Amino acid sequence: MIYIVHGDDYPKSRKLIINQQKKLAMGLKTERDISDITPKELYEIACSFDIFGNAPFIVLNIPNTKVAEAEKFLVIMKKIPKETVLIILCNRELGRTNAFYKSAKDLQARVVLNTETQDSNVFKFVDALFMKNKTVAYDELEKLSQEDTNTFYILSMILYGLRNITHAKYSTVEFAKKSNFVRNKAIVQAENFSPQDIIELYTFMYHTDKKLKTGLINQEIALVYTIEKILNK
């Protein structure tokens, strides 16, 4: 049996491997990186049953980039005994053009994608902020905080939102190039701010950034000040 286990929730992938090994009552696990093994060596391990006739349990780590001799490995994988368990593991999501992913059907492999679920969304936070929805903005900020989202990144995204409403307010050429979704949202948000408000916010964020870089203000305090400045405009 062959499994292709991929995705950025690596702990979940590891837990799946342990559970599968227990479920199948397999013996010792052999784990190798694909860069440190040849197709021939993989085949020899896959055919190495122990003295009690127990099949091998193999974990083969692969990158989500192109793999040298991928086709040769695929030829070997199609020949390994059905009793052997081979888990092709990647700690990132494999693209549709990945040789192993594309060959899942030919290998009769079971594909498992484990991705981290994120409750927070920095775009939801920015949208709520410029819509002046204080409750939602702080709820989204709390989610970002729980996931240890970098404060400087959040501030940079606030500036991104401010740029969007500026483009909307002045109907710039760059704004016309954005998607309908982004344009329509920014137009609604821009109605909450006058041209003078926008100038004052740019000035405020410039001075806040300067204070942050010179150590005159704490990151968290700077973030709250910025949020309140926008909400109260």
# chains A, B, ... in the order shown; residues from 1 in each chain; ligands from 1
call {"tool": "residues_around", "arguments": {"residues": "segment 209-222 of chain A", "least_positions_apart": "4", "cutoff": "8 Å", "atoms": "only C-alpha atoms", "output": "list of chain:residue names"}}
result
A:Thr151, A:Phe152, A:Met205, A:Thr226
call {"tool": "write_last_selection", "arguments": {"atoms": "C-alpha atoms", "output": "short mmCIF file (atom, residue, chain, number, x, y, z; two decimals), in the first residue's frame"}}
result
data_model
loop_
_atom_site.label_atom_id
_atom_site.label_comp_id
_atom_site.auth_asym_id
_atom_site.auth_seq_id
_atom_site.Cartn_x
_atom_site.Cartn_y
_atom_site.Cartn_z
CA THR A 151 2.74 43.22 14.70
CA PHE A 152 4.80 44.91 11.98
CA MET A 205 1.32 56.30 10.48
CA THR A 226 -3.35 53.16 15.01
#
call {"tool": "select_by_dssp", "arguments": {"residues": "segment 1-222 of chain A", "states": "alpha helix (DSSP H)", "output": "PyMOL selection string"}}
result
chain A and resi 10-23+39-46+70-77+99-102+104-107+122-130+134-146+151-170+173-176+180-190+195-213+219-222
call {"tool": "select_by_dssp", "arguments": {"residues": "segment 60-164 of chain A", "states": "strand (DSSP E or B)", "output": "PyMOL selection string"}}
result
chain A and resi 60-61+85-90+110-113
call {"tool": "residues_around", "arguments": {"residues": "Lys82 of chain A", "least_positions_apart": "6", "cutoff": "12 Å", "atoms": "only C-alpha atoms", "output": "PyMOL selection string"}}
result
chain A and resi 1-3+46-47+55-57+107-109
call {"tool": "atom_distance", "arguments": {"atom1": "atom CA of Lys23 of chain A", "atom2": "atom CA of Leu74 of chain A"}}
result
26.2 Å
call {"tool": "residues_around", "arguments": {"residues": "segment 155-169 of chain A", "least_positions_apart": "5", "cutoff": "10 Å", "atoms": "only C-alpha atoms", "output": "number ranges by chain"}}
result
A: 122-123, 125-127, 129-130, 150, 174-176, 178, 182-195, 198-199, 201-202, 205-206, 209, 219, 222-223, 226-227, 230
call {"tool": "closest_residue", "arguments": {"among": "A:Ile58, A:Ala70, A:Met131, A:Val173", "to": "Ile18 of chain A", "atoms": "only C-alpha atoms"}}
result
A:Ile58
call {"tool": "closest_atom_pairs", "arguments": {"of": "segment 109-147 of chain A", "to": "segment 11-16 of chain A", "cutoff": "9 Å", "atoms": "only C-alpha atoms", "output": "CSV"}}
result
residue,atom,partner,partner_atom,distance
A:Val112,CA,A:Ser13,CA,8.5
A:Leu113,CA,A:Ser13,CA,8.4
A:Asn114,CA,A:Ser13,CA,6.4
A:Thr115,CA,A:Lys12,CA,8.5
A:Glu116,CA,A:Lys12,CA,8.9
call {"tool": "decode", "arguments": {"residues": "segment 26-90 of chain A", "atoms": "C-alpha atoms", "output": "compact mmCIF listing (two decimals), in the first residue's frame"}}
result
# COMPACT_ATOMS: atom_id res chain seq x y z
CA MET A 26 3.78 -3.05 11.52
CA GLY A 27 7.26 -3.59 12.92
CA LEU A 28 10.15 -1.17 12.75
CA LYS A 29 9.86 1.88 10.53
CA THR A 30 12.50 2.74 7.94
CA GLU A 31 12.68 6.43 7.12
CA ARG A 32 14.85 7.95 4.41
CA ASP A 33 15.15 11.18 2.46
CA ILE A 34 14.73 10.70 -1.26
CA SER A 35 17.96 12.65 -1.86
CA ASP A 36 19.88 10.06 0.20
CA ILE A 37 18.61 6.90 -1.43
CA THR A 38 18.66 5.39 -4.91
CA PRO A 39 15.67 3.74 -6.61
CA LYS A 40 17.47 0.40 -6.31
CA GLU A 41 18.02 0.82 -2.56
CA LEU A 42 14.36 1.75 -2.08
CA TYR A 43 13.29 -1.40 -3.90
CA GLU A 44 15.61 -3.59 -1.80
CA ILE A 45 14.20 -2.13 1.44
CA ALA A 46 10.63 -2.53 0.16
CA CYS A 47 11.25 -6.23 -0.51
CA SER A 48 13.04 -6.93 2.78
CA PHE A 49 10.48 -8.89 4.83
CA ASP A 50 11.68 -9.97 8.28
CA ILE A 51 12.11 -13.60 9.40
CA PHE A 52 8.48 -13.68 10.56
CA GLY A 53 7.23 -12.55 7.15
CA ASN A 54 6.33 -9.03 8.29
CA ALA A 55 6.32 -6.45 5.50
CA PRO A 56 8.44 -3.28 5.65
CA PHE A 57 7.01 0.06 6.74
CA ILE A 58 8.79 2.86 4.87
CA VAL A 59 8.57 6.64 5.10
CA LEU A 60 10.14 8.45 2.16
CA ASN A 61 10.59 12.20 2.64
CA ILE A 62 10.34 14.26 -0.53
CA PRO A 63 10.45 18.01 -1.22
CA ASN A 64 7.63 19.88 -2.97
CA THR A 65 10.10 20.80 -5.70
CA LYS A 66 11.38 18.75 -8.61
CA VAL A 67 13.02 15.46 -7.63
CA ALA A 68 15.97 14.03 -9.51
CA GLU A 69 15.26 10.62 -11.06
CA ALA A 70 11.60 10.89 -10.07
CA GLU A 71 10.55 8.69 -13.00
CA LYS A 72 12.97 5.94 -11.94
CA PHE A 73 11.52 6.00 -8.42
CA LEU A 74 8.01 5.76 -9.86
CA VAL A 75 8.96 2.69 -11.88
CA ILE A 76 10.27 1.04 -8.73
CA MET A 77 7.23 2.01 -6.66
CA LYS A 78 4.95 0.24 -9.10
CA LYS A 79 6.94 -2.98 -8.53
CA ILE A 80 7.13 -3.10 -4.73
CA PRO A 81 5.09 -5.81 -2.95
CA LYS A 82 1.53 -4.85 -2.12
CA GLU A 83 2.09 -5.86 1.51
CA THR A 84 4.80 -3.21 1.91
CA VAL A 85 3.62 0.12 3.28
CA LEU A 86 5.30 3.10 1.63
CA ILE A 87 4.42 6.57 2.81
CA ILE A 88 5.64 9.37 0.56
CA LEU A 89 5.80 12.34 2.90
CA CYS A 90 6.14 16.06 2.17
